[in-house]
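Colleague: This is the structure I have questions about; it appears just below.
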Protein chains: 2
Amino acid sequence: MPASPQHSPRSRRERPAKAALSREVIVATAVAVMRAEGLRKVTMRRLAQELDTGPASLYVYVRNTDELHAAVLDELLGTVPPAPDGGTWRQRLEHVLVACTGMLLAHPELARAALTARPRGPHYLNLIETLLALLDEGGVPRAQAAWGVDLLLQHAVATAAEHAGGDDPEEWEQLIGVLRRAADDPTRPHIAAAAHALLSGTPENRVSWAFQTLINGIERTAVPE
Amino acid sequence: MPASPQHSPRSRRERPAKAALSREVIVATAVAVMRAEGLRKVTMRRLAQELDTGPASLYVYVRNTDELHAAVLDELLGTVPPAPDGGTWRQRLEHVLVACTGMLLAHPELARAALTARPRGPHYLNLIETLLALLDEGGVPRAQAAWGVDLLLQHAVATAAEHAGGDDPEEWEQLIGVLRRAADDPTRPHIAAAAHALLSGTPENRVSWAFQTLINGIERTAVPE
DNA sequence: ACCTGAACACCGTTCAAGT
DNA sequence: ACCTGAACACCGTTCAAGT
């Protein structure tokens, strides 16, 4: 077994013998480049450069850039730790989802890509299996559990995707300013009354509340027919 | 009052006297180009061409491409019709959210952009005011209503964003294939049991169920402290 | 202050040609 | 079948210079 390519993001300098092209080495290289420089640099051209070939060569193994990004995400999904043994099914479910969100938050650009190009690799299926198992353990009817999994994963991915493109601190200031002005505006009384609540809470509290809210809703809402 | 620029996406041919540059004409031109050719074509360079100037000129009025996209979305938010008069608060709330999702689904690329660059214009604030008012009418405590609005809008935006980049029919086939194979795999029994439910339902049913689920959860889940 | 041409440093994807 | 160089048709953003 050769050394895992993830841990040696080979620079143009120290490249050893040229590796044969394959979907696997392309995805592995993509993961390495992403870890080192972010998803923005995971482009067909850059990967081709990294692999000592022209961009056209990659299209033999990968349909397009989106499919490549989806493959990278599936790889990363493999790094989410399994649910811990202790606790209720709710606690374990929330734990897995928070862990998943945390992983995605470490790669917001990837989350953004995943929203459009859903992964469909083995790690993704394992995650769905885990979530379904926990909901089943909680006695949630199969149909709403199935639809609920979509909702839970969508929230995890979207929450992370919101942080793509770098969190401009000035943009946050502006939002606070807009809300403060709206709070003094008599034509929007509910925003005025809720201004504090709209901005309150730590990110952790909000993520935790959101998943509890989703789980509570999923438990109680039957699918049509 | 001059004719609304939204309705005359001036081609390079029929351009009248060159309009003075301003944030307003830039955003209006962006909306026109988006309606005519999609958000992908709403680029700094293309807009500059449309306005008979160089791309650098736009940076006087717009910080970057993301901010421009957010401004376009706020404009579109103005086209979402208000809640109808009849029905319960739940029905009206769901109605507004479905209408909002529908508008976003007509512009999935925009929804994708909105996930990262939140709009903060007047139409966005009006929408939040509407949602808060309906939740208040339903007796939902202020704090969880405020956090809930975020969750509801995130779902609307994310649902639409999932359709960005064109819905490849072949990709859908592949997902069905993956799930069918997973259904025969004894190592993932819950997916096997839920395979049908995972794929069932019309888009309309799913969106409606999702919002009901969110509202049910928001009603019942208190924020910490 | 506002506007601009030109430049810098890139993109995704396709295609005809090679092996 | 697999691989490639080169090309096509673009990007965002910055900067020095003009008005």
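Within each chain, counting starts at residue 1; across the structure tokens, chains are named A, B, ... in the order shown, with ligands numbered 1 upward in that order.
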Please find the residues of chain B near chain A - the criterion being any atom within 7 Å, counting only C-alpha atoms - and write them as JSON, numbers by chain.

Modeller: {"B": [115, 116, 120, 129, 132, 133, 142, 143, 146, 147, 158, 161, 162, 163, 164, 165, 175, 188, 190, 191, 194, 197, 198, 209, 213, 214, 216, 217, 218, 221, 223]}

Colleague: I want to know what sits within 10 Å of region 9-19 of chain C, based on only C-alpha atoms (C1' of nucleotides), with residues of the same chain fewer than 6 positions away left out; could you give that as a PDB file with C-alpha atoms (C1' of nucleotides), in the first residue's frame?

Modeller:
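result.pdb was written with the following content:
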```
ATOM      1  CA  THR A  43     -10.120  23.705 -10.622  1.00  0.00           C
ATOM      2  CA  MET A  44      -9.700  21.473 -13.605  1.00  0.00           C
ATOM      3  CA  ARG A  45      -6.730  23.488 -14.784  1.00  0.00           C
ATOM      4  CA  PRO A  55      -7.054  19.872 -18.355  1.00  0.00           C
ATOM      5  CA  ALA A  56      -8.671  17.922 -21.160  1.00  0.00           C
ATOM      6  CA  TYR A  59     -12.600  14.839 -18.553  1.00  0.00           C
ATOM      7  CA  ASN A  64     -17.332  18.312 -14.893  1.00  0.00           C
ATOM      8  CA  THR A  65     -16.218  20.498 -12.007  1.00  0.00           C
TER       9      THR A  65
ATOM     10  C1'  DC D   2      -6.672   7.147 -23.476  1.00  0.00           C
ATOM     11  C1'  DC D   3      -4.267  11.306 -23.586  1.00  0.00           C
ATOM     12  C1'  DT D   4      -2.896  15.882 -25.154  1.00  0.00           C
ATOM     13  C1'  DG D   5      -1.832  20.882 -26.967  1.00  0.00           C
ATOM     14  C1'  DA D   6      -4.080  24.391 -28.341  1.00  0.00           C
ATOM     15  C1'  DA D   7      -7.857  27.053 -28.812  1.00  0.00           C
ATOM     16  C1'  DC D   8     -12.479  29.301 -27.816  1.00  0.00           C
ATOM     17  C1'  DA D   9     -14.839  32.156 -25.091  1.00  0.00           C
ATOM     18  C1'  DC D  10     -14.877  33.917 -21.220  1.00  0.00           C
ATOM     19  C1'  DC D  11     -14.071  35.505 -15.799  1.00  0.00           C
ATOM     20  C1'  DG D  12     -13.015  39.149 -11.171  1.00  0.00           C
ATOM     21  C1'  DT D  13     -10.390  42.646  -9.760  1.00  0.00           C
TER      22       DT D  13
END
```

Colleague: Using only C-alpha atoms, find each residue in region 37-68 of chain A having at least one atom no more than 8 Å away from region 18-31 of chain A; report its shortest atom-to-atom pair and that distance in Å (one decimal), rows by chain then rising number, as JSON lines.

Modeller:
```
{"residue": "A:Val42", "atom": "CA", "partner": "A:Ala30", "partner_atom": "CA", "distance": 5.9}
{"residue": "A:Leu47", "atom": "CA", "partner": "A:Ala30", "partner_atom": "CA", "distance": 6.7}
{"residue": "A:Glu50", "atom": "CA", "partner": "A:Thr29", "partner_atom": "CA", "distance": 7.7}
{"residue": "A:Leu51", "atom": "CA", "partner": "A:Lys18", "partner_atom": "CA", "distance": 7.5}
{"residue": "A:Asp52", "atom": "CA", "partner": "A:Lys18", "partner_atom": "CA", "distance": 7.5}
{"residue": "A:Leu58", "atom": "CA", "partner": "A:Ile26", "partner_atom": "CA", "distance": 7.7}
{"residue": "A:Tyr61", "atom": "CA", "partner": "A:Arg23", "partner_atom": "CA", "distance": 5.3}
{"residue": "A:Val62", "atom": "CA", "partner": "A:Arg23", "partner_atom": "CA", "distance": 7.0}
{"residue": "A:Leu68", "atom": "CA", "partner": "A:Val27", "partner_atom": "CA", "distance": 7.0}
```

Colleague: Those same residues - C-alpha atoms - I'd like them written as a CSV table (one decimal), in the first residue's frame.

Modeller:
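again_0.csv was written with the following content:
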```csv
chain,number,residue,atom,x,y,z
A,42,VAL,CA,-9.7,22.9,-6.9
A,47,LEU,CA,-5.5,19.8,-10.9
A,50,GLU,CA,-0.7,19.3,-10.3
A,51,LEU,CA,-0.9,16.0,-12.2
A,52,ASP,CA,1.4,17.1,-15.0
A,58,LEU,CA,-9.4,14.9,-16.6
A,61,TYR,CA,-12.7,10.4,-15.6
A,62,VAL,CA,-14.8,13.3,-14.3
A,68,LEU,CA,-15.5,16.5,-8.9
```

Colleague: What is the CA of Gly78 (chain B) to CA of Ala99 (chain B) distance in Å?

Modeller: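 Computing it gives 11.9 Å between the two atoms.
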
Colleague: Using only C-alpha atoms (C1' of nucleotides), select each residue of chain B with any atom at most 8 Å away from an atom of chain C, and give the selection as JSON, numbers by chain.

Modeller: {"B": [53, 54, 56, 57, 60]}

Colleague: Please report, as a PyMOL selection string, each residue of region 98-148 of chain A to which DSSP assigns alpha helix (DSSP H) when run on this structure's backbone.

Modeller: chain A and resi 98-105+108-116+122-137+142-148

Colleague: Have a look at CA of Arg63 (chain A) and CA of Arg46 (chain A) and let me know their distance in Å, one decimal.

Modeller: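 One can read the CA of Arg63 (chain A) to CA of Arg46 (chain A) distance as 16.2 Å.
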